[in-house]
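Next comes target20.csv, a file with CSV, C-alpha atoms.
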chain,number,residue,atom,x,y,z
A,1,MET,CA,-72.2,-17.6,-15.5
A,2,GLU,CA,-68.6,-17.8,-14.1
A,3,VAL,CA,-66.0,-18.5,-16.7
A,4,LEU,CA,-62.3,-19.3,-16.6
A,5,ILE,CA,-60.3,-18.7,-19.8
A,6,SER,CA,-56.7,-19.5,-20.6
A,7,LEU,CA,-54.6,-17.4,-23.0
A,8,GLY,CA,-51.2,-18.3,-24.4
A,9,SER,CA,-48.6,-17.0,-26.9
A,10,ASN,CA,-45.1,-17.9,-27.9
A,11,ILE,CA,-44.7,-15.8,-31.1
A,12,GLU,CA,-43.4,-12.3,-30.7
A,13,PRO,CA,-44.7,-9.9,-29.7
A,14,ARG,CA,-46.1,-12.4,-27.1
A,15,LEU,CA,-46.9,-9.7,-24.5
A,16,ARG,CA,-48.9,-7.6,-27.0
A,17,PHE,CA,-50.8,-10.7,-28.2
A,18,ILE,CA,-51.8,-11.5,-24.6
A,19,GLN,CA,-52.7,-7.9,-23.8
A,20,ASN,CA,-54.8,-7.4,-27.0
A,21,ALA,CA,-56.6,-10.7,-26.4
A,22,VAL,CA,-57.6,-9.6,-22.8
A,23,GLN,CA,-58.9,-6.3,-24.2
A,24,GLU,CA,-60.8,-8.2,-26.9
A,25,LEU,CA,-62.5,-10.4,-24.3
A,26,LYS,CA,-64.0,-7.4,-22.4
A,27,PRO,CA,-67.1,-7.0,-24.5
A,28,TYR,CA,-68.1,-10.6,-23.8
A,29,ILE,CA,-66.9,-11.1,-20.2
A,30,THR,CA,-67.2,-9.0,-17.1
A,31,ILE,CA,-63.6,-9.6,-15.9
A,32,VAL,CA,-63.2,-10.3,-12.2
A,33,GLY,CA,-59.5,-11.1,-12.3
A,34,VAL,CA,-56.6,-11.4,-14.7
A,35,SER,CA,-53.6,-13.4,-13.4
A,36,LEU,CA,-50.0,-12.3,-13.7
A,37,MET,CA,-48.3,-13.4,-16.8
A,38,TYR,CA,-46.3,-16.6,-16.5
A,39,GLU,CA,-43.6,-17.8,-18.8
A,40,THR,CA,-43.9,-21.6,-19.4
A,41,GLU,CA,-42.2,-24.3,-21.3
A,42,PRO,CA,-44.0,-25.7,-24.3
A,43,VAL,CA,-46.1,-28.9,-24.0
A,44,GLY,CA,-46.1,-31.6,-26.7
A,45,PHE,CA,-43.7,-30.2,-29.3
A,46,LYS,CA,-40.7,-29.0,-27.2
A,47,ASP,CA,-38.6,-27.4,-29.9
A,48,GLN,CA,-40.2,-24.0,-29.8
A,49,SER,CA,-40.0,-20.8,-27.8
A,50,ALA,CA,-41.4,-20.5,-24.3
A,51,PHE,CA,-45.0,-19.4,-23.9
A,52,ILE,CA,-46.6,-16.6,-21.9
A,53,ASN,CA,-49.7,-17.8,-20.2
A,54,VAL,CA,-52.5,-15.9,-18.5
A,55,VAL,CA,-55.8,-16.9,-17.0
A,56,VAL,CA,-58.9,-14.6,-17.0
A,57,PHE,CA,-61.7,-15.2,-14.6
A,58,GLY,CA,-65.1,-13.4,-15.0
A,59,ASN,CA,-68.8,-13.6,-15.8
A,60,THR,CA,-70.6,-13.8,-19.1
A,61,SER,CA,-74.2,-14.0,-20.3
A,62,LEU,CA,-73.1,-15.9,-23.4
A,63,THR,CA,-73.6,-19.6,-23.8
A,64,PRO,CA,-70.5,-21.8,-23.7
A,65,ASP,CA,-70.7,-22.3,-27.5
A,66,GLU,CA,-71.1,-18.5,-28.1
A,67,LEU,CA,-68.1,-17.8,-25.8
A,68,HIS,CA,-66.0,-20.4,-27.6
A,69,GLN,CA,-67.0,-18.9,-30.9
A,70,ARG,CA,-66.0,-15.4,-29.8
A,71,CYS,CA,-62.7,-16.7,-28.6
A,72,LYS,CA,-62.0,-18.3,-32.0
A,73,GLU,CA,-63.0,-15.0,-33.7
A,74,ILE,CA,-60.5,-13.1,-31.4
A,75,GLU,CA,-57.7,-15.5,-32.3
A,76,GLU,CA,-58.4,-14.9,-36.0
A,77,LYS,CA,-58.7,-11.1,-35.6
A,78,LEU,CA,-55.3,-11.1,-33.8
A,79,GLY,CA,-53.7,-13.1,-36.6
A,80,ARG,CA,-53.5,-16.7,-35.4
A,81,THR,CA,-52.2,-19.0,-38.1
A,82,LYS,CA,-53.3,-22.6,-38.3
A,83,ARG,CA,-50.5,-25.0,-37.4
A,84,GLU,CA,-50.0,-28.5,-36.2
A,85,GLN,CA,-51.3,-29.2,-32.7
A,86,TRP,CA,-49.0,-28.1,-29.9
A,87,HIS,CA,-46.9,-25.9,-32.2
A,88,GLU,CA,-46.2,-22.2,-31.8
A,89,ARG,CA,-49.1,-19.8,-31.7
A,90,GLU,CA,-49.6,-16.1,-32.0
A,91,ILE,CA,-52.5,-16.4,-29.5
A,92,ASP,CA,-54.4,-19.4,-28.1
A,93,ILE,CA,-57.6,-18.8,-26.2
A,94,ASP,CA,-59.3,-21.7,-24.4
A,95,VAL,CA,-62.4,-21.8,-22.4
A,96,LEU,CA,-61.5,-23.9,-19.4
A,97,ILE,CA,-64.7,-23.8,-17.3
A,98,ALA,CA,-68.1,-22.3,-18.0
A,99,GLY,CA,-70.3,-22.5,-15.0
A,100,ASP,CA,-71.4,-26.1,-14.3
A,101,TYR,CA,-71.5,-26.9,-18.1
A,102,VAL,CA,-70.2,-30.3,-19.2
A,103,VAL,CA,-69.9,-30.3,-23.0
A,104,ASP,CA,-68.4,-32.9,-25.3
A,105,SER,CA,-68.8,-31.9,-29.0
A,106,PRO,CA,-66.5,-31.7,-31.9
A,107,GLN,CA,-66.1,-28.0,-31.4
A,108,LEU,CA,-65.9,-27.7,-27.6
A,109,THR,CA,-65.1,-29.9,-24.6
A,110,LEU,CA,-65.9,-28.5,-21.2
A,111,PRO,CA,-64.4,-28.5,-18.8
A,112,HIS,CA,-61.1,-28.4,-20.7
A,113,PRO,CA,-60.1,-32.0,-20.8
A,114,ARG,CA,-56.4,-31.5,-19.8
A,115,MET,CA,-56.6,-28.4,-17.6
A,116,HIS,CA,-56.1,-30.4,-14.4
A,117,GLU,CA,-52.9,-31.9,-15.8
A,118,ARG,CA,-51.2,-28.5,-16.7
A,119,ARG,CA,-49.4,-26.3,-14.3
A,120,PHE,CA,-49.3,-23.5,-16.9
A,121,VAL,CA,-53.1,-23.4,-16.5
A,122,LEU,CA,-53.5,-24.2,-12.8
A,123,VAL,CA,-50.8,-21.8,-11.4
A,124,PRO,CA,-52.3,-18.6,-12.8
A,125,ALA,CA,-55.9,-19.9,-12.3
A,126,ALA,CA,-55.2,-20.5,-8.6
A,127,LYS,CA,-54.2,-16.8,-8.3
A,128,VAL,CA,-57.6,-15.5,-9.7
A,129,ALA,CA,-60.1,-18.3,-8.9
A,130,PRO,CA,-58.7,-20.7,-6.3
A,131,GLN,CA,-62.1,-21.8,-5.1
A,132,LEU,CA,-63.7,-22.2,-8.5
A,133,MET,CA,-65.0,-25.8,-8.8
A,134,HIS,CA,-64.2,-28.2,-11.6
A,135,PRO,CA,-67.7,-29.4,-12.5
A,136,VAL,CA,-66.6,-33.0,-13.2
A,137,LEU,CA,-63.7,-33.7,-10.8
A,138,GLN,CA,-65.5,-31.8,-8.0
A,139,LEU,CA,-62.3,-30.3,-6.8
A,140,ASN,CA,-61.5,-26.5,-6.7
A,141,ILE,CA,-58.6,-25.0,-8.7
A,142,GLN,CA,-56.3,-24.9,-5.6
A,143,GLN,CA,-57.0,-28.6,-4.9
A,144,LEU,CA,-56.3,-29.5,-8.6
A,145,LEU,CA,-53.0,-27.6,-8.4
A,146,ALA,CA,-52.0,-29.4,-5.2
A,147,GLU,CA,-52.7,-32.8,-6.9
A,148,CYS,CA,-51.2,-32.0,-10.3
A,149,SER,CA,-48.4,-34.3,-11.3
A,150,ASP,CA,-47.0,-31.9,-13.9
A,151,THR,CA,-43.5,-30.7,-12.9
A,152,SER,CA,-43.0,-28.2,-15.7
A,153,ASP,CA,-41.6,-24.7,-14.8
A,154,VAL,CA,-44.0,-21.8,-14.5
A,155,TYR,CA,-42.3,-18.5,-13.8
A,156,VAL,CA,-43.9,-15.1,-13.2
A,157,TYR,CA,-43.2,-13.0,-16.3
A,158,TYR,CA,-45.3,-9.8,-16.1
A,159,SER,CA,-48.7,-8.5,-14.9
A,160,VAL,CA,-51.6,-7.5,-17.1
A,161,ALA,CA,-53.2,-4.1,-16.5
A,162,GLN,CA,-57.0,-4.3,-16.2
A,163,ASP,CA,-57.9,-0.8,-17.4
What does the file become when written as structure tokens?
Amino acid sequence: MEVLISLGSNIEPRLRFIQNAVQELKPYITIVGVSLMYETEPVGFKDQSAFINVVVFGNTSLTPDELHQRCKEIEEKLGRTKREQWHEREIDIDVLIAGDYVVDSPQLTLPHPRMHERRFVLVPAAKVAPQLMHPVLQLNIQQLLAECSDTSDVYVYYSVAQD
């Protein structure tokens, strides 16, 4: 199953948190592409440091629930501290799309309910999976980006090695 995953960090060392998270995903995902790193302004609570965001595109044999659980375990392993929604994060890992699955449970909503509204997700996603279809909106990532009304700044920060 094709999967699209978003990673973000705005607590130093941001770069290391992102790189470590990509490495930790490798046992669960055959990675096809990792976007460049993008520096982005925070959403929601604005009085915090800029984020680094990356999108990983790949394939997995895990179910969406299993993949979501592995992502939460990686966040915990890398030291994520629970805080209020939209506040700073050591690492945030979100499953955006998992094949054609549409899920709405207390633990997981697929596709991610706000991905189509966020340039910090769509800009990097368009670099690694521009033709991937959103299973509900029936538009590909490139089309979602073209239609996105978000005007927040998304700057190239750094690339992630795929060793």
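Closest to His134 of chain A among A:Val43, A:Leu15, A:Leu4, A:Ile74 is A:Leu4, based on only C-alpha atoms.
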Which polymer residues have any atom within 12 Å of an atom of Pro13 of chain A, counting only C-alpha atoms, with same-chain residues fewer than 5 positions away left out, as a PyMOL selection string? chain A and resi 8+18-20+51-52+78-79+89-91
Got time to write the residues from that selection, C-alpha atoms, as a PDB file, in the coordinates of the input?
ATOM      1  CA  GLY A   8     -51.200 -18.300 -24.400  1.00  0.00           C
ATOM      2  CA  ILE A  18     -51.800 -11.500 -24.600  1.00  0.00           C
ATOM      3  CA  GLN A  19     -52.700  -7.900 -23.800  1.00  0.00           C
ATOM      4  CA  ASN A  20     -54.800  -7.400 -27.000  1.00  0.00           C
ATOM      5  CA  PHE A  51     -45.000 -19.400 -23.900  1.00  0.00           C
ATOM      6  CA  ILE A  52     -46.600 -16.600 -21.900  1.00  0.00           C
ATOM      7  CA  LEU A  78     -55.300 -11.100 -33.800  1.00  0.00           C
ATOM      8  CA  GLY A  79     -53.700 -13.100 -36.600  1.00  0.00           C
ATOM      9  CA  ARG A  89     -49.100 -19.800 -31.700  1.00  0.00           C
ATOM     10  CA  GLU A  90     -49.600 -16.100 -32.000  1.00  0.00           C
ATOM     11  CA  ILE A  91     -52.500 -16.400 -29.500  1.00  0.00           C
TER      12      ILE A  91
END
Contact check, segment 40-99 of chain A to segment 147-154 of chain A, at most 12 Å, counting all atoms listed in the file, closest pairs as JSON lines:
{"residue": "A:Thr40", "atom": "CA", "partner": "A:Val154", "partner_atom": "CA", "distance": 4.9}
{"residue": "A:Glu41", "atom": "CA", "partner": "A:Asp153", "partner_atom": "CA", "distance": 6.5}
{"residue": "A:Pro42", "atom": "CA", "partner": "A:Ser152", "partner_atom": "CA", "distance": 9.0}
{"residue": "A:Val43", "atom": "CA", "partner": "A:Ser152", "partner_atom": "CA", "distance": 8.9}
{"residue": "A:Gly44", "atom": "CA", "partner": "A:Ser152", "partner_atom": "CA", "distance": 11.9}
{"residue": "A:Lys46", "atom": "CA", "partner": "A:Ser152", "partner_atom": "CA", "distance": 11.8}
{"residue": "A:Ala50", "atom": "CA", "partner": "A:Val154", "partner_atom": "CA", "distance": 10.2}
{"residue": "A:Phe51", "atom": "CA", "partner": "A:Val154", "partner_atom": "CA", "distance": 9.8}
{"residue": "A:Ile52", "atom": "CA", "partner": "A:Val154", "partner_atom": "CA", "distance": 9.4}
{"residue": "A:Asn53", "atom": "CA", "partner": "A:Val154", "partner_atom": "CA", "distance": 9.0}
{"residue": "A:Val54", "atom": "CA", "partner": "A:Val154", "partner_atom": "CA", "distance": 11.1}
Quick one: residues within 6 Å of (-67.7, -26.4, -25.2) (file frame), counting all atoms listed in the file, please, as an MDAnalysis selection string. chainID A and resid 64:65 103 108:110
Can you measure atom CA of Pro111 of chain A to atom CA of Asn10 of chain A for me? One decimal in Å is fine.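 Computed distance, atom CA of Pro111 of chain A to atom CA of Asn10 of chain A, equals 23.8 Å.
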Selected residue of minimal separation from Gly33 of chain A among A:Asp104, A:Glu84, A:Glu76, A:Glu2, counting all atoms listed in the file: A:Glu2
Separation of atom CA of Ile31 of chain A from atom CA of Val55 of chain A, in Å and rounded to one decimal: 10.7 Å
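Residue nearest Gln138 of chain A within the list A:Ala125, A:Asp100, A:Tyr155, A:Arg70: A:Asp100 [criterion: smallest interatomic distance, all atoms listed in the file].
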Pick from A:Leu7, A:Val128, A:Cys71, A:Met115, whichever lies nearest to Ser35 of chain A using all atoms listed in the file: A:Val128
Ranking A:Ala21, A:Lys127, A:Leu132, A:Ile97 by minimum distance to Lys77 of chain A and counting only C-alpha atoms, which one comes first?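 Looking only at the distances to Lys77 of chain A, the closest residue turns out to be A:Ala21.
Nearest residue to Val156 of chain A among A:Pro106, A:Pro113, A:Phe120, A:Arg83 is A:Phe120, counting only C-alpha atoms.
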When you draw a straight line from atom CA of Ala126 of chain A to atom CA of Leu67 of chain A, how long is it in Å? 21.7 Å
Once you count all atoms listed in the file, what closest atom pair and distance in Å to one decimal does each residue of segment 10-37 of chain A within 10 Å of segment 56-62 of chain A have, with rows by chain and rising residue number, as a Markdown table?
| residue | atom | partner | partner_atom | distance |
| --- | --- | --- | --- | --- |
| A:Val22 | CA | A:Val56 | CA | 7.8 |
| A:Leu25 | CA | A:Val56 | CA | 9.2 |
| A:Lys26 | CA | A:Gly58 | CA | 9.6 |
| A:Pro27 | CA | A:Thr60 | CA | 9.4 |
| A:Tyr28 | CA | A:Thr60 | CA | 6.2 |
| A:Ile29 | CA | A:Thr60 | CA | 4.7 |
| A:Thr30 | CA | A:Asn59 | CA | 5.0 |
| A:Ile31 | CA | A:Gly58 | CA | 4.2 |
| A:Val32 | CA | A:Gly58 | CA | 4.6 |
| A:Gly33 | CA | A:Phe57 | CA | 5.2 |
| A:Val34 | CA | A:Val56 | CA | 4.6 |
| A:Ser35 | CA | A:Val56 | CA | 6.5 |
| A:Leu36 | CA | A:Val56 | CA | 9.8 |
As a short mmCIF file (atom, residue, chain, number, x, y, z; two decimals), keeping the file's coordinate frame, could you write out segment 129-149 of chain A once it has been completed with N, CA and C atoms?
data_model
loop_
_atom_site.label_atom_id
_atom_site.label_comp_id
_atom_site.auth_asym_id
_atom_site.auth_seq_id
_atom_site.Cartn_x
_atom_site.Cartn_y
_atom_site.Cartn_z
N ALA A 129 -58.85 -17.53 -9.19
CA ALA A 129 -60.10 -18.30 -8.90
C ALA A 129 -59.79 -19.55 -8.13
N PRO A 130 -59.10 -19.46 -6.99
CA PRO A 130 -58.70 -20.70 -6.30
C PRO A 130 -59.83 -21.57 -5.84
N GLN A 131 -60.99 -21.00 -5.57
CA GLN A 131 -62.10 -21.80 -5.10
C GLN A 131 -63.10 -22.23 -6.14
N LEU A 132 -62.84 -21.84 -7.40
CA LEU A 132 -63.70 -22.20 -8.50
C LEU A 132 -63.68 -23.76 -8.64
N MET A 133 -64.87 -24.38 -8.70
CA MET A 133 -65.00 -25.80 -8.80
C MET A 133 -64.92 -26.36 -10.19
N HIS A 134 -64.18 -27.43 -10.36
CA HIS A 134 -64.20 -28.20 -11.60
C HIS A 134 -65.46 -29.01 -11.60
N PRO A 135 -66.35 -28.81 -12.57
CA PRO A 135 -67.70 -29.40 -12.50
C PRO A 135 -67.71 -30.96 -12.65
N VAL A 136 -66.64 -31.56 -13.09
CA VAL A 136 -66.60 -33.00 -13.20
C VAL A 136 -65.81 -33.63 -12.07
N LEU A 137 -64.61 -33.11 -11.82
CA LEU A 137 -63.70 -33.70 -10.80
C LEU A 137 -64.17 -33.30 -9.38
N GLN A 138 -65.01 -32.27 -9.27
CA GLN A 138 -65.50 -31.80 -8.00
C GLN A 138 -64.39 -31.43 -7.01
N LEU A 139 -63.35 -30.82 -7.55
CA LEU A 139 -62.30 -30.30 -6.80
C LEU A 139 -62.12 -28.80 -7.22
N ASN A 140 -61.70 -27.92 -6.29
CA ASN A 140 -61.50 -26.50 -6.70
C ASN A 140 -60.10 -26.40 -7.34
N ILE A 141 -59.85 -25.25 -7.92
CA ILE A 141 -58.60 -25.00 -8.70
C ILE A 141 -57.39 -25.23 -7.74
N GLN A 142 -57.46 -24.73 -6.52
CA GLN A 142 -56.30 -24.90 -5.60
C GLN A 142 -56.08 -26.38 -5.31
N GLN A 143 -57.12 -27.16 -5.16
CA GLN A 143 -57.00 -28.60 -4.90
C GLN A 143 -56.39 -29.30 -6.17
N LEU A 144 -56.85 -28.89 -7.34
CA LEU A 144 -56.30 -29.50 -8.60
C LEU A 144 -54.82 -29.19 -8.70
N LEU A 145 -54.41 -27.97 -8.37
CA LEU A 145 -53.00 -27.60 -8.40
C LEU A 145 -52.19 -28.47 -7.43
N ALA A 146 -52.71 -28.64 -6.23
CA ALA A 146 -52.00 -29.40 -5.20
C ALA A 146 -51.84 -30.90 -5.65
N GLU A 147 -52.79 -31.40 -6.44
CA GLU A 147 -52.70 -32.80 -6.90
C GLU A 147 -52.09 -32.99 -8.25
N CYS A 148 -51.75 -31.90 -8.92
CA CYS A 148 -51.20 -32.00 -10.30
C CYS A 148 -49.84 -32.62 -10.30
N SER A 149 -49.65 -33.60 -11.18
CA SER A 149 -48.40 -34.30 -11.30
C SER A 149 -47.40 -33.63 -12.26
#
